[in-house]
Amino acid sequence: MTPKHQQVIDATMLLVWRRSLVLSHALRTQSDQQQADEESVQSAQGTQSALDTDEAHAALIERLRASVLGQRLRRIAEYVEGYPAEIEPTRTQDKWSPVREEHVQGGMRREVYQVCEVVYGEVREKGKRWRYPKHCQHTELGKLLHAALLQFYREYLPAKQLVSVAAAAKEIGIARQTLHEWMAKGRVKWIYEEGRDIIWLDCEDVDRLWHMKLGLRSDGPKG
């Protein structure tokens, strides 16, 4: 793995680790509040002490790299760097379709989405687990995740699977601005291609949005 990608992964893991301490404290019961307050002070002191020395910091980083999230980020980075995908997608055929359509599920796309659920996840209404933060595709982590998604689509799915925002809006029958608003609200996942400065949508999501507009299908992107 390149030093740049390792640095991005380590920084991401530290941010998630710090947030986990805050969430853990917030979920304590009121009956344990006094004990929680004492532990909060100790935790804050421990958090600082864990980063006070190079040795302690290195030990923490190694532990985070070995975590489930750390291993997913490693697989994603190595995939973008040209290593074979460690997790292959499953392929199934719709036996009721006259053209025997093939569906590709899982693989590195699922790895990326599972990372997004942890890093970008928030407390939201049922069925809406996460959405991309504004301009996230221009951050180092966002560039890595979108590069992995784009590579997955190019490697495992036909070229027609990806649709531009302009083409998608036309097919759905809405203004491009409306589609961008839906994307910002997390109604549809999207992929950013940095080299061409283009945002792509999965044609299956475009079809779902078209049905949603007609009231034939419930909201929520496919996972």
# chains A, B, ... in the order shown; residues from 1 in each chain; ligands from 1
call {"tool": "residues_around", "arguments": {"residues": "His103 (chain A)", "least_positions_apart": "2", "cutoff": "7 Å", "atoms": "only C-alpha atoms", "output": "ChimeraX atom specification"}}
result
/A:91-93,101,105
call {"tool": "write_last_selection", "arguments": {"atoms": "C-alpha atoms", "output": "short mmCIF file (atom, residue, chain, number, x, y, z; two decimals), in the first residue's frame"}}
result
data_model
loop_
_atom_site.label_atom_id
_atom_site.label_comp_id
_atom_site.auth_asym_id
_atom_site.auth_seq_id
_atom_site.Cartn_x
_atom_site.Cartn_y
_atom_site.Cartn_z
CA ARG A 91 -23.41 -13.26 -9.88
CA THR A 92 -27.00 -14.43 -10.17
CA GLN A 93 -29.38 -14.64 -13.11
CA GLU A 101 -30.36 -10.68 -16.86
CA GLN A 105 -23.95 -8.19 -5.80
#
call {"tool": "atom_distance", "arguments": {"atom1": "CA of Trp17 (chain A)", "atom2": "CA of Gln114 (chain A)"}}
result
16.3 Å
call {"tool": "residues_around", "arguments": {"residues": "region 83-85 of chain A", "least_positions_apart": "3", "cutoff": "10 Å", "atoms": "only C-alpha atoms", "output": "list in words"}}
result
Met1, Arg75, Ile76, Ala77, Glu78, Tyr79, Val80, Glu88, Pro89, Gly107, Met108 and Phe152 of chain A
call {"tool": "write_last_selection", "arguments": {"atoms": "C-alpha atoms", "output": "mmCIF file, in the first residue's frame"}}
result
data_model
loop_
_atom_site.group_PDB
_atom_site.id
_atom_site.type_symbol
_atom_site.label_atom_id
_atom_site.label_comp_id
_atom_site.auth_asym_id
_atom_site.auth_seq_id
_atom_site.Cartn_x
_atom_site.Cartn_y
_atom_site.Cartn_z
ATOM 1 C CA MET A 1 0.000 0.000 0.000
ATOM 2 C CA ARG A 75 -8.705 -3.957 0.911
ATOM 3 C CA ILE A 76 -10.209 -0.894 -0.767
ATOM 4 C CA ALA A 77 -6.865 0.927 -0.989
ATOM 5 C CA GLU A 78 -5.056 -2.097 -2.391
ATOM 6 C CA TYR A 79 -7.849 -2.625 -4.921
ATOM 7 C CA VAL A 80 -7.492 0.954 -6.156
ATOM 8 C CA GLU A 88 -15.333 -11.179 -5.405
ATOM 9 C CA PRO A 89 -18.976 -10.284 -6.077
ATOM 10 C CA GLY A 107 -17.744 -7.581 -3.702
ATOM 11 C CA MET A 108 -15.749 -4.390 -3.317
ATOM 12 C CA PHE A 152 -15.673 -2.015 -9.512
#
call {"tool": "select_by_dssp", "arguments": {"residues": "region 33-216 of chain A", "states": "alpha helix (DSSP H)", "output": "number ranges by chain"}}
result
A: 33-50, 54-65, 68-80, 107-119, 140-156, 165-172, 176-184, 203-213
call {"tool": "residues_around", "arguments": {"residues": "region 183-186 of chain A", "least_positions_apart": "3", "cutoff": "7 Å", "atoms": "only C-alpha atoms", "output": "MDAnalysis selection string"}}
result
chainID A and resid 130:131 179:180 189
call {"tool": "write_last_selection", "arguments": {"atoms": "C-alpha atoms", "output": "PDB file, in the first residue's frame"}}
result
ATOM      1  CA  TRP A 130     -26.028   7.177   5.370  1.00  0.00           C
ATOM      2  CA  ARG A 131     -25.395   9.768   2.702  1.00  0.00           C
ATOM      3  CA  LEU A 179     -31.853  15.211  -8.972  1.00  0.00           C
ATOM      4  CA  HIS A 180     -28.896  16.911  -7.275  1.00  0.00           C
ATOM      5  CA  LYS A 189     -25.952   6.789  -4.316  1.00  0.00           C
TER       6      LYS A 189
END
call {"tool": "closest_residue", "arguments": {"among": "A:Glu181, A:Tyr153, A:Glu193, A:Met13", "to": "Lys134 (chain A)", "atoms": "only C-alpha atoms"}}
result
A:Glu181
call {"tool": "atom_distance", "arguments": {"atom1": "CA of Tyr132 (chain A)", "atom2": "CA of Cys116 (chain A)"}}
result
7.9 Å
call {"tool": "closest_residue", "arguments": {"among": "A:Asp202, A:Pro158, A:Val165, A:Val22", "to": "Gln177 (chain A)", "atoms": "only C-alpha atoms"}}
result
A:Val165
call {"tool": "atom_distance", "arguments": {"atom1": "CA of Trp210 (chain A)", "atom2": "CA of Leu150 (chain A)"}}
result
23.1 Å
call {"tool": "closest_residue", "arguments": {"among": "A:Glu194, A:Gly82, A:His5, A:Gln151", "to": "Cys136 (chain A)", "atoms": "only C-alpha atoms"}}
result
A:Glu194
call {"tool": "closest_residue", "arguments": {"among": "A:Pro133, A:Pro3, A:Gly173, A:Gly70", "to": "Asp207 (chain A)", "atoms": "only C-alpha atoms"}}
result
A:Gly173
call {"tool": "residues_around", "arguments": {"residues": "Glu62 (chain A)", "least_positions_apart": "6", "cutoff": "12 Å", "atoms": "only C-alpha atoms", "output": "compact mmCIF listing (two decimals) with N, CA and C atoms, in the first residue's frame"}}
result
# COMPACT_ATOMS: atom_id res chain seq x y z
N GLN A 6 -2.06 4.82 3.20
CA GLN A 6 -1.95 4.40 4.60
C GLN A 6 -2.22 5.57 5.53
N ILE A 9 -5.97 6.20 5.64
CA ILE A 9 -6.64 5.18 6.44
C ILE A 9 -6.41 5.42 7.93
N ASP A 10 -5.17 5.70 8.31
CA ASP A 10 -4.86 5.92 9.73
C ASP A 10 -5.62 7.13 10.28
N MET A 13 -9.28 6.18 10.72
CA MET A 13 -9.48 5.29 11.85
C MET A 13 -9.41 6.05 13.18
N LEU A 14 -8.51 7.01 13.29
CA LEU A 14 -8.41 7.79 14.52
C LEU A 14 -9.67 8.63 14.75
N GLU A 55 5.35 5.33 21.08
CA GLU A 55 5.11 3.90 21.25
C GLU A 55 3.62 3.61 21.45
N ALA A 56 2.97 4.42 22.30
CA ALA A 56 1.54 4.23 22.55
C ALA A 56 0.73 4.53 21.30
N GLY A 70 -10.62 -1.22 9.66
CA GLY A 70 -9.26 -1.04 9.15
C GLY A 70 -8.95 -2.00 8.01
N GLN A 71 -9.40 -3.25 8.14
CA GLN A 71 -9.15 -4.24 7.10
C GLN A 71 -9.96 -3.94 5.84
call {"tool": "closest_residue", "arguments": {"among": "A:Leu64, A:Ala59, A:Ile191, A:Leu214", "to": "Ala147 (chain A)", "atoms": "only C-alpha atoms"}}
result
A:Ile191
